[in-house]
$ cat model.csv   # CSV, C-alpha atoms
chain,number,residue,atom,x,y,z
A,1,THR,CA,-4.9,-11.4,-5.9
A,2,VAL,CA,-6.9,-8.7,-7.8
A,3,PHE,CA,-3.9,-7.7,-9.8
A,4,GLY,CA,-3.4,-11.3,-10.9
A,5,ALA,CA,-7.0,-11.6,-11.9
A,6,PHE,CA,-6.7,-8.6,-14.1
A,7,LYS,CA,-3.6,-10.0,-15.7
A,8,LEU,CA,-5.5,-13.1,-16.5
A,9,ILE,CA,-8.5,-11.2,-17.9
A,10,ASP,CA,-6.2,-9.0,-20.0
A,11,SER,CA,-4.6,-12.1,-21.5
A,12,PHE,CA,-7.9,-13.0,-23.2
A,13,GLY,CA,-8.0,-9.7,-25.1
A,14,GLU,CA,-10.6,-9.6,-27.9
A,15,LEU,CA,-12.4,-12.8,-26.7
A,16,LEU,CA,-13.9,-10.7,-23.9
A,17,GLU,CA,-15.7,-8.4,-26.3
A,18,ARG,CA,-18.2,-11.2,-27.3
A,19,ASP,CA,-21.7,-10.6,-25.9
A,20,PHE,CA,-22.2,-14.0,-24.1
A,21,ILE,CA,-18.8,-13.6,-22.4
A,22,GLN,CA,-19.4,-10.0,-21.6
A,23,SER,CA,-22.6,-10.8,-19.6
A,24,ASP,CA,-20.7,-13.4,-17.5
A,25,LEU,CA,-17.8,-11.0,-17.0
A,26,GLU,CA,-20.1,-8.3,-15.5
A,27,ALA,CA,-20.9,-10.7,-12.6
A,28,LYS,CA,-17.2,-11.3,-12.0
A,29,HIS,CA,-16.7,-7.5,-11.8
A,30,LEU,CA,-18.6,-7.3,-8.5
A,31,HIS,CA,-16.6,-10.3,-7.2
A,32,LEU,CA,-13.3,-8.5,-8.1
A,33,ILE,CA,-14.5,-5.3,-6.3
A,34,ARG,CA,-15.4,-7.3,-3.2
A,35,GLN,CA,-12.0,-9.1,-3.3
A,36,TYR,CA,-10.2,-5.7,-3.7
A,37,GLY,CA,-12.2,-4.4,-0.7
A,38,ASP,CA,-10.9,-7.4,1.3
A,39,ASP,CA,-7.4,-6.5,0.2
A,40,LEU,CA,-7.9,-2.9,1.4
A,41,LYS,CA,-9.1,-4.1,4.8
A,42,GLU,CA,-6.0,-6.2,5.1
A,43,VAL,CA,-3.8,-3.2,4.2
A,44,GLN,CA,-5.7,-1.1,6.8
A,45,GLU,CA,-5.2,-3.9,9.4
A,46,LEU,CA,-1.5,-4.0,8.7
A,47,PHE,CA,-1.2,-0.3,9.0
A,48,THR,CA,-3.1,0.1,12.2
A,49,SER,CA,-1.5,-2.9,13.9
A,50,ASP,CA,2.1,-2.3,12.9
A,51,ARG,CA,2.5,1.5,12.8
A,52,HIS,CA,3.3,1.9,16.5
A,53,ARG,CA,4.7,-1.6,17.4
A,54,SER,CA,5.8,-4.4,15.1
A,55,CYS,CA,7.0,-8.0,15.3
A,56,VAL,CA,5.5,-8.4,18.8
A,57,GLY,CA,6.8,-11.5,20.5
A,58,LYS,CA,9.6,-12.1,17.9
A,59,MET,CA,13.3,-11.5,17.9
A,60,PHE,CA,13.0,-8.2,15.9
A,61,GLU,CA,10.2,-6.7,18.1
A,62,ARG,CA,10.5,-2.9,18.0
A,63,ASP,CA,8.6,0.3,18.4
A,64,GLY,CA,7.4,1.6,15.1
A,65,PRO,CA,6.7,-0.2,11.8
A,66,PRO,CA,8.5,-3.3,10.6
A,67,VAL,CA,11.8,-2.4,8.8
A,68,TYR,CA,14.7,-4.4,7.4
A,69,THR,CA,17.5,-4.9,9.9
A,70,ASN,CA,19.9,-2.7,8.0
A,71,MET,CA,17.6,0.2,7.5
A,72,PRO,CA,17.5,3.4,9.6
A,73,PRO,CA,14.1,3.9,11.3
A,74,ALA,CA,13.0,6.9,9.3
A,75,ALA,CA,13.9,5.4,5.9
A,76,GLY,CA,12.4,2.0,7.0
A,77,ALA,CA,9.1,3.6,8.0
A,78,LEU,CA,8.9,5.5,4.7
A,79,ALA,CA,9.7,2.4,2.7
A,80,TRP,CA,7.1,0.4,4.7
A,81,VAL,CA,4.3,3.0,4.1
A,82,GLN,CA,5.3,3.2,0.4
A,83,GLY,CA,5.0,-0.5,0.1
A,84,LEU,CA,1.5,-0.4,1.6
A,85,LEU,CA,0.5,2.4,-0.8
A,86,GLN,CA,1.8,0.4,-3.8
A,87,ARG,CA,0.0,-2.7,-2.6
A,88,MET,CA,-3.2,-0.6,-2.8
A,89,GLU,CA,-2.6,1.5,-5.9
A,90,ASP,CA,-1.4,-1.2,-8.3
A,91,PRO,CA,-4.6,-3.1,-8.3
A,92,MET,CA,-6.7,0.1,-8.2
A,93,SER,CA,-5.1,1.2,-11.5
A,94,SER,CA,-6.3,-2.0,-13.2
A,95,LEU,CA,-9.7,-1.8,-11.4
A,96,GLN,CA,-10.4,1.8,-12.2
A,97,LEU,CA,-12.2,1.0,-15.5
A,98,VAL,CA,-14.4,-1.6,-13.7
A,99,MET,CA,-15.1,0.9,-10.9
A,100,ASN,CA,-16.3,3.5,-13.5
A,101,LEU,CA,-18.5,0.9,-15.1
A,102,MET,CA,-20.0,-0.2,-11.8
A,103,ALA,CA,-20.1,3.3,-10.2
A,104,ASP,CA,-23.8,2.8,-9.3
A,105,ALA,CA,-23.2,-0.3,-7.3
A,106,ASP,CA,-23.0,0.1,-3.5
A,107,GLU,CA,-19.9,-2.2,-3.3
A,108,ALA,CA,-18.0,0.1,-5.7
A,109,LYS,CA,-18.9,3.2,-3.7
A,110,ASP,CA,-17.9,1.6,-0.5
A,111,VAL,CA,-14.6,0.4,-1.9
A,112,SER,CA,-13.9,3.8,-3.4
A,113,ARG,CA,-14.5,5.5,-0.1
A,114,MET,CA,-12.4,3.0,1.7
A,115,TYR,CA,-9.6,3.4,-0.8
A,116,ASP,CA,-9.7,7.2,-0.4
A,117,SER,CA,-9.7,7.0,3.4
A,118,ILE,CA,-6.9,4.5,3.7
A,119,ARG,CA,-4.8,6.3,1.1
A,120,ALA,CA,-5.3,9.6,3.0
A,121,SER,CA,-4.2,7.9,6.3
A,122,LEU,CA,-1.1,6.5,4.7
A,123,LEU,CA,-0.1,9.7,3.0
A,124,GLU,CA,-0.6,11.6,6.3
A,125,TYR,CA,1.6,9.1,8.1
A,126,GLU,CA,4.2,9.4,5.4
A,127,ALA,CA,4.2,13.2,5.7
A,128,GLU,CA,4.4,12.9,9.5
A,129,GLN,CA,7.4,10.5,9.4
A,130,PHE,CA,9.2,12.7,6.9
A,131,GLY,CA,8.5,15.8,9.0
A,132,LYS,CA,9.9,14.1,12.1
A,133,TRP,CA,13.0,13.1,10.2
A,134,ALA,CA,13.5,16.6,8.6
A,135,ALA,CA,13.2,18.2,12.1
A,136,THR,CA,16.2,16.2,13.4
A,137,VAL,CA,18.5,16.7,10.4
A,138,ASP,CA,19.9,20.1,11.4
A,139,GLY,CA,20.8,18.9,14.9
A,140,THR,CA,22.3,15.7,13.6
A,141,LEU,CA,24.2,17.4,10.8
A,142,ALA,CA,25.9,19.9,13.1
A,143,GLU,CA,26.9,17.1,15.5
A,144,LYS,CA,28.3,14.8,12.8
A,145,LEU,CA,30.2,17.6,11.1
A,146,THR,CA,32.3,18.1,14.3
A,147,LEU,CA,33.5,14.5,14.3
A,148,PRO,CA,37.0,13.8,12.7
A,149,LEU,CA,37.1,11.9,9.4
A,150,LEU,CA,40.1,9.9,10.3
A,151,LEU,CA,41.3,8.6,13.7
A,152,ARG,CA,44.9,7.6,14.5
A,153,ASP,CA,45.4,4.1,16.1
A,154,ALA,CA,47.3,4.2,19.3

$ encode --input "model.csv" --output "structure tokens"
Amino acid sequence: TVFGAFKLIDSFGELLERDFIQSDLEAKHLHLIRQYGDDLKEVQELFTSDRHRSCVGKMFERDGPPVYTNMPPAAGALAWVQGLLQRMEDPMSSLQLVMNLMADADEAKDVSRMYDSIRASLLEYEAEQFGKWAATVDGTLAEKLTLPLLLRDA
């Protein structure tokens, strides 16, 4: 992964500041940007394929995103989209310095635009799911407050 590659690069520390290593490292920056672009495409594919229907053909097939079996649908959808966001943002935080250095490269511009687009889609979906949940809270709350706390066994 891109995140693992940056952990490896960071472990070399001051050795990377040498000129002959620096020139070779610049070539690797483009490779990392391309690899991160592939990761972004994978996140986008997961988002578009699983947001309406997930686990098709499996025991846990359901409408909506994949969730753990013990999670309510709204919380599960929010946790799923947060996981996708984190999968995008963790490597981007490490890659930001490289993106700034390679800002003139077409690959960096494309990856940056793709990141912004996918992030906006994920945040929009998150707000939509939260809005749907918030709209049902008042009705559910009034219904649940009328139920007795304890029931007597007959």

$ closest_residue --input "model.csv" --among "A:Gly76, A:Leu84, A:Met99, A:Lys7" --to "Glu26 in chain A" --atoms "all atoms listed in the file"
A:Met99

$ closest_residue --input "model.csv" --among "A:Asp153, A:Asp104, A:Ala134, A:Leu85" --to "Ala120 in chain A" --atoms "only C-alpha atoms"
A:Leu85

$ residues_around --input "model.csv" --residues "range 4-6 of chain A" --least-positions-apart "2" --cutoff "9 Å" --atoms "only C-alpha atoms" --output "ChimeraX atom specification"
/A:1-2,8-11,32,91,94-95

$ atom_distance --input "model.csv" --atom1 "CA of Met102 in chain A" --atom2 "CA of Gln86 in chain A"
23.2 Å

$ residues_around --input "model.csv" --residues "Tyr125 in chain A" --least-positions-apart "4" --cutoff "8 Å" --atoms "only C-alpha atoms" --output "MDAnalysis selection string"
chainID A and resid 81 121 129

$ write_last_selection --input "model.csv" --atoms "C-alpha atoms" --output "PDB file, in the coordinates of the input"
ATOM      1  CA  VAL A  81       4.300   3.000   4.100  1.00  0.00           C
ATOM      2  CA  SER A 121      -4.200   7.900   6.300  1.00  0.00           C
ATOM      3  CA  GLN A 129       7.400  10.500   9.400  1.00  0.00           C
TER       4      GLN A 129
END

$ closest_residue --input "model.csv" --among "A:Met92, A:Ala74, A:Leu150, A:Leu123" --to "Thr136 in chain A" --atoms "all atoms listed in the file"
A:Ala74

$ closest_residue --input "model.csv" --among "A:Asn70, A:Ser117, A:Ser93, A:Gln82" --to "Leu40 in chain A" --atoms "all atoms listed in the file"
A:Ser117

$ atom_distance --input "model.csv" --atom1 "CA of Val98 in chain A" --atom2 "CA of His29 in chain A"
6.6 Å

$ atom_distance --input "model.csv" --atom1 "CA of Gln35 in chain A" --atom2 "CA of Ala108 in chain A"
11.2 Å

$ closest_residue --input "model.csv" --among "A:Ala105, A:Glu17, A:Arg51, A:Leu78" --to "His31 in chain A" --atoms "all atoms listed in the file"
A:Ala105

$ residues_around --input "model.csv" --residues "Ala75 in chain A" --least-positions-apart "4" --cutoff "9 Å" --atoms "all atoms listed in the file" --output "VMD selection string"
chain A and resid 67 71 79 to 80 129 to 130 133

$ closest_residue --input "model.csv" --among "A:Leu147, A:Ile21, A:Leu15, A:Ala77" --to "Glu128 in chain A" --atoms "only C-alpha atoms"
A:Ala77
